[in-house]
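Here is my_file.cif, consisting of mmCIF, C-alpha atoms:
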```
data_target
#
loop_
_atom_site.label_atom_id
_atom_site.label_comp_id
_atom_site.auth_asym_id
_atom_site.auth_seq_id
_atom_site.Cartn_x
_atom_site.Cartn_y
_atom_site.Cartn_z
CA MET A 164 102.60 79.46 105.42
CA ARG A 165 105.83 80.68 103.90
CA VAL A 166 108.44 79.70 106.45
CA GLN A 167 110.95 82.39 105.47
CA THR A 168 108.50 85.28 106.03
CA GLY A 169 105.89 83.98 108.46
CA LEU A 170 103.23 85.26 106.04
CA CYS A 171 100.36 83.15 104.77
CA GLU A 172 99.41 82.24 101.25
CA TYR A 173 95.64 82.27 100.82
CA LYS A 174 93.47 79.88 98.90
CA VAL A 175 89.87 80.98 98.69
CA TYR A 176 86.83 79.20 97.33
CA GLY A 177 83.48 80.91 97.32
CA VAL A 178 80.22 81.30 95.48
CA LEU A 179 78.77 84.65 94.51
CA ASP A 180 75.09 83.75 94.16
CA ASN A 181 73.89 86.60 92.00
CA CYS A 182 76.86 87.49 89.78
CA LEU A 183 77.31 85.87 86.38
CA PRO A 184 80.88 84.74 85.60
CA ASN A 185 81.40 87.00 82.58
CA VAL A 186 80.14 90.03 84.54
CA LEU A 187 82.37 89.17 87.50
CA ALA A 188 85.44 88.82 85.24
CA ASP A 189 84.60 92.11 83.50
CA VAL A 190 84.17 93.92 86.83
CA TYR A 191 87.48 92.52 88.06
CA MET A 192 89.30 93.73 84.93
CA ASP A 193 87.64 97.17 84.68
CA LEU A 194 90.06 99.43 86.55
CA ASP A 195 88.10 102.63 85.93
CA TYR A 196 84.99 101.05 87.43
CA ARG A 197 86.96 99.67 90.38
CA LYS A 198 87.97 103.20 91.32
CA GLN A 199 84.27 103.88 91.87
CA TRP A 200 83.52 101.03 94.28
CA ASP A 201 86.82 100.16 96.01
CA GLU A 202 87.34 102.67 98.82
CA TYR A 203 90.94 101.54 99.42
CA ILE A 204 92.27 102.70 96.05
CA GLU A 205 94.49 105.76 96.13
CA GLU A 206 95.65 105.37 92.52
CA LEU A 207 95.07 102.73 89.85
CA TYR A 208 95.98 102.59 86.17
CA GLN A 209 97.42 100.31 83.52
CA LEU A 210 99.96 100.70 80.75
CA GLU A 211 101.65 98.54 78.14
CA HIS A 212 105.27 97.55 78.74
CA ASN A 213 107.20 95.12 76.52
CA GLY A 214 103.94 93.65 75.21
CA ASP A 215 102.47 93.06 78.68
CA THR A 216 99.63 94.83 80.45
CA VAL A 217 101.13 96.30 83.61
CA VAL A 218 99.00 97.65 86.45
CA TYR A 219 100.02 100.27 88.99
CA TRP A 220 97.88 100.03 92.14
CA GLN A 221 98.32 102.16 95.27
CA VAL A 222 96.33 101.00 98.29
CA LYS A 223 95.33 103.27 101.17
CA TYR A 224 96.53 102.03 104.54
CA PRO A 225 95.23 103.40 107.84
CA PHE A 226 97.26 105.94 109.79
CA PRO A 227 100.02 105.62 110.99
CA MET A 228 101.01 103.06 108.34
CA SER A 229 102.25 104.05 104.89
CA ASN A 230 100.26 103.29 101.76
CA ARG A 231 101.44 100.32 99.70
CA ASP A 232 101.81 100.18 95.95
CA TYR A 233 102.00 97.30 93.52
CA VAL A 234 103.34 97.05 89.99
CA TYR A 235 102.24 93.83 88.35
CA ILE A 236 101.61 92.08 85.07
CA ARG A 237 98.00 91.01 84.60
CA GLN A 238 96.50 88.64 82.05
CA ARG A 239 92.99 87.35 81.41
CA ARG A 240 92.08 84.27 79.44
CA ASP A 241 88.58 82.97 78.78
CA LEU A 242 88.86 79.21 78.38
CA ASP A 243 86.45 76.55 77.16
CA LEU A 244 86.94 73.35 79.15
CA ASN A 245 84.68 70.55 77.96
CA GLY A 246 81.91 73.03 77.15
CA SER A 247 82.29 74.96 80.39
CA LYS A 248 83.58 78.54 80.19
CA ILE A 249 86.23 79.43 82.75
CA HIS A 250 87.65 82.94 83.17
CA VAL A 251 91.26 82.90 84.40
CA ILE A 252 93.02 86.05 85.62
CA LEU A 253 96.68 85.94 86.62
CA ALA A 254 98.74 88.67 88.25
CA GLN A 255 102.36 88.77 89.40
CA SER A 256 104.61 91.57 90.59
CA THR A 257 107.16 92.89 88.12
CA PHE A 258 109.69 95.67 87.76
CA VAL A 259 109.03 98.52 85.34
CA PRO A 260 111.70 101.26 85.31
CA GLN A 261 109.15 103.94 84.28
CA ILE A 262 107.15 103.38 87.49
CA ALA A 263 109.50 104.66 90.16
CA GLU A 264 109.02 104.04 93.86
CA ARG A 265 107.44 107.00 95.64
CA SER A 266 108.49 108.67 98.84
CA GLY A 267 106.22 107.71 101.74
CA VAL A 268 104.77 104.69 99.90
CA VAL A 269 106.05 101.13 100.43
CA ARG A 270 106.49 99.11 97.22
CA VAL A 271 105.16 95.54 97.45
CA ASN A 272 107.65 93.50 95.45
CA GLN A 273 106.22 90.06 96.27
CA TYR A 274 102.69 89.71 94.92
CA LYS A 275 100.96 86.87 93.11
CA GLN A 276 97.31 86.15 92.44
CA SER A 277 95.53 83.50 90.43
CA LEU A 278 91.78 83.72 89.95
CA ALA A 279 89.42 81.29 88.22
CA ILE A 280 85.73 82.01 87.75
CA GLU A 281 83.09 79.62 86.46
CA SER A 282 79.32 79.30 86.53
CA ASP A 283 77.66 77.78 89.57
CA GLY A 284 75.06 76.33 87.19
CA LYS A 285 72.49 78.92 88.24
CA LYS A 286 72.79 82.72 88.25
CA GLY A 287 76.07 82.91 90.10
CA SER A 288 79.78 82.20 89.98
CA LYS A 289 82.17 79.83 91.65
CA VAL A 290 85.37 81.67 92.49
CA PHE A 291 88.75 80.06 93.16
CA MET A 292 91.57 82.34 94.23
CA TYR A 293 95.18 81.94 95.29
CA TYR A 294 96.77 85.05 96.78
CA PHE A 295 100.08 86.03 98.32
CA ASP A 296 101.72 89.35 99.01
CA ASN A 297 104.37 90.61 101.35
CA PRO A 298 103.39 94.18 102.25
CA GLY A 299 106.85 94.95 103.58
CA GLY A 300 107.65 97.52 106.20
CA LEU A 301 107.54 96.94 109.93
CA ILE A 302 104.05 95.47 110.22
CA PRO A 303 103.96 92.34 112.40
CA SER A 304 103.08 89.24 110.34
CA TRP A 305 100.25 88.36 112.78
CA LEU A 306 98.61 91.72 112.01
CA ILE A 307 99.01 91.27 108.25
CA ASN A 308 97.47 87.80 108.42
CA TRP A 309 94.61 88.98 110.66
CA VAL A 310 93.73 91.83 108.26
CA ALA A 311 93.96 89.54 105.22
CA LYS A 312 91.60 86.98 106.78
CA GLY A 313 88.96 89.64 107.29
CA SER A 314 89.53 91.59 104.09
CA VAL A 315 88.99 88.72 101.61
CA PRO A 316 85.33 88.12 102.56
CA VAL A 317 84.67 91.87 102.59
CA PHE A 318 86.32 92.22 99.18
CA LEU A 319 84.20 89.39 97.72
CA ASN A 320 81.04 90.99 99.12
CA ASN A 321 82.05 94.34 97.61
CA MET A 322 82.71 92.59 94.28
CA ALA A 323 79.23 91.04 94.37
CA ASN A 324 77.69 94.46 94.99
CA ALA A 325 79.82 95.97 92.23
CA CYS A 326 78.55 93.28 89.83
CA GLN A 327 74.95 94.28 90.51
CA MET A 328 75.71 97.94 89.80
CA TYR A 329 77.81 97.04 86.74
CA LYS A 330 74.95 95.15 85.10
CA ARG A 331 72.77 98.22 85.51
CA ARG A 332 75.27 100.59 83.91
CA THR A 333 76.08 98.48 80.82
#
```

Is it possible to give me this structure as structure tokens?
Amino acid sequence: MRVQTGLCEYKVYGVLDNCLPNVLADVYMDLDYRKQWDEYIEELYQLEHNGDTVVYWQVKYPFPMSNRDYVYIRQRRDLDLNGSKIHVILAQSTFVPQIAERSGVVRVNQYKQSLAIESDGKKGSKVFMYYFDNPGGLIPSWLINWVAKGSVPVFLNNMANACQMYKRRT
């Protein structure tokens, strides 16, 4: 737990039984495809800024809360570690002057995610994820943490389903 905010940092380990690592990494990186399966996306796109890939992501929040948006740098590296392929995806909030804050939407300025994906030795993937964000606004930290605890397993399940559909469309 981050003492200064009362918010939690999450470390997740899971296995997606029927999703190959390269497919999972591709699904995670494919923003156009994500718009099709992630019901919480209001807006999502990427652009190049100073040689970095920057993502703009606006997330739908339930009424009466305001939507949140993120501006972050994202990188993917496919590594070979002693003959084992590991997909690493890193994301961290950044400031891009061309992406102005919007009225009625809360900008999340503290966001960091690290994701590593490797084979489970069968037909699936081992997933390791570190995640932190501070959604800002006047949401009690207990509510943020409660939602985050429930949303990570749902997100991983949705990713697994998206992988199955992705294989069929490619």

**Item:** Picked residues, the PyMOL selection byres ((chain A and resi 292-302) around 6), expected as a list in words
**Value:** Glu172, Tyr173, Lys174, Val175, Val271, Gln273, Tyr274, Lys275, Gln276, Ser277, Leu278, Phe291 and Pro303 of chain A

Counting only C-alpha atoms, which residues of range 185-212 of chain A fall within 9 Å of range 229-243 of chain A, and what is the closest atom pair for each with its distance in Å at one decimal, ordered by chain and rising number, as CSV?
```
residue,atom,partner,partner_atom,distance
A:Ala188,CA,A:Arg239,CA,8.6
A:Met192,CA,A:Arg239,CA,8.2
A:Glu205,CA,A:Asn230,CA,8.4
A:Glu206,CA,A:Asp232,CA,8.8
```

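One distance worth recording is that between CA of Tyr208 in chain A and CA of Asp193 in chain A, which is 10.1 Å.
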
**Request:** Figure out the distance between CA of Ile249 in chain A and CA of Ala279 in chain A, please, to one decimal in Å.
**Result:**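 It comes out at 6.6 Å.
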
Which range 190-254 of chain A residues have any atom within 12 Å of an atom of range 176-183 of chain A, and for each, what is the nearest pair of atoms with distance in Å to one decimal, counting all atoms listed in the file, rows sorted by chain and number, as JSON lines?
```
{"residue": "A:Val190", "atom": "CA", "partner": "A:Cys182", "partner_atom": "CA", "distance": 10.2}
{"residue": "A:Tyr191", "atom": "CA", "partner": "A:Cys182", "partner_atom": "CA", "distance": 11.9}
{"residue": "A:Lys248", "atom": "CA", "partner": "A:Leu183", "partner_atom": "CA", "distance": 11.5}
{"residue": "A:Ile249", "atom": "CA", "partner": "A:Leu183", "partner_atom": "CA", "distance": 11.6}
{"residue": "A:His250", "atom": "CA", "partner": "A:Leu183", "partner_atom": "CA", "distance": 11.2}
```

What box, with edges along x, y and z, holds each listed atom of range 212-215 of chain A when 4 Å is added on every side, and can you state its centre and edge lengths in Å to one decimal, as JSON?
```
{"center_x": 104.8, "center_y": 95.3, "center_z": 77.0, "size_x": 12.7, "size_y": 12.5, "size_z": 11.5}
```

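CA of Leu187 in chain A lies 7.9 Å from CA of Ile280 in chain A.
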
**Asked** From the list A:Gln209, A:Asp189, A:Ile204, A:Ser266, which residue is nearest Gln221 in chain A when using all atoms listed in the file?
**Response** A:Ile204

**Message:** Assuming the chain letters and numbering stay as they are in my file, what does the PyMOL selection byres ((chain A and resi 322) around 10) actually select? List them as a PyMOL selection string.
**Reply:** chain A and resi 179+182+187+190-191+197+200-201+316-321+323-328

**Item:** Residue among A:Leu207, A:Leu253, A:Lys289, A:Lys223 lying closest to Val269 in chain A, counting all atoms listed in the file
**Value:**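 Using all atoms listed in the file, the shortest distance to Val269 in chain A belongs to A:Lys223.
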
**Request:** Using only C-alpha atoms, pick whichever of A:Ser288, A:Pro184, A:Thr216, A:Trp305 has the shortest atom-to-atom distance to Cys171 in chain A.
**Result:**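 For Cys171 in chain A, the nearest of the given residues is A:Trp305.
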
**Prompt:** Which residue, A:Glu211, A:Asp283, A:Asp195, A:Glu264, has the smallest gap to Ser247 in chain A when you use only C-alpha atoms?
**Reply:** A:Asp283
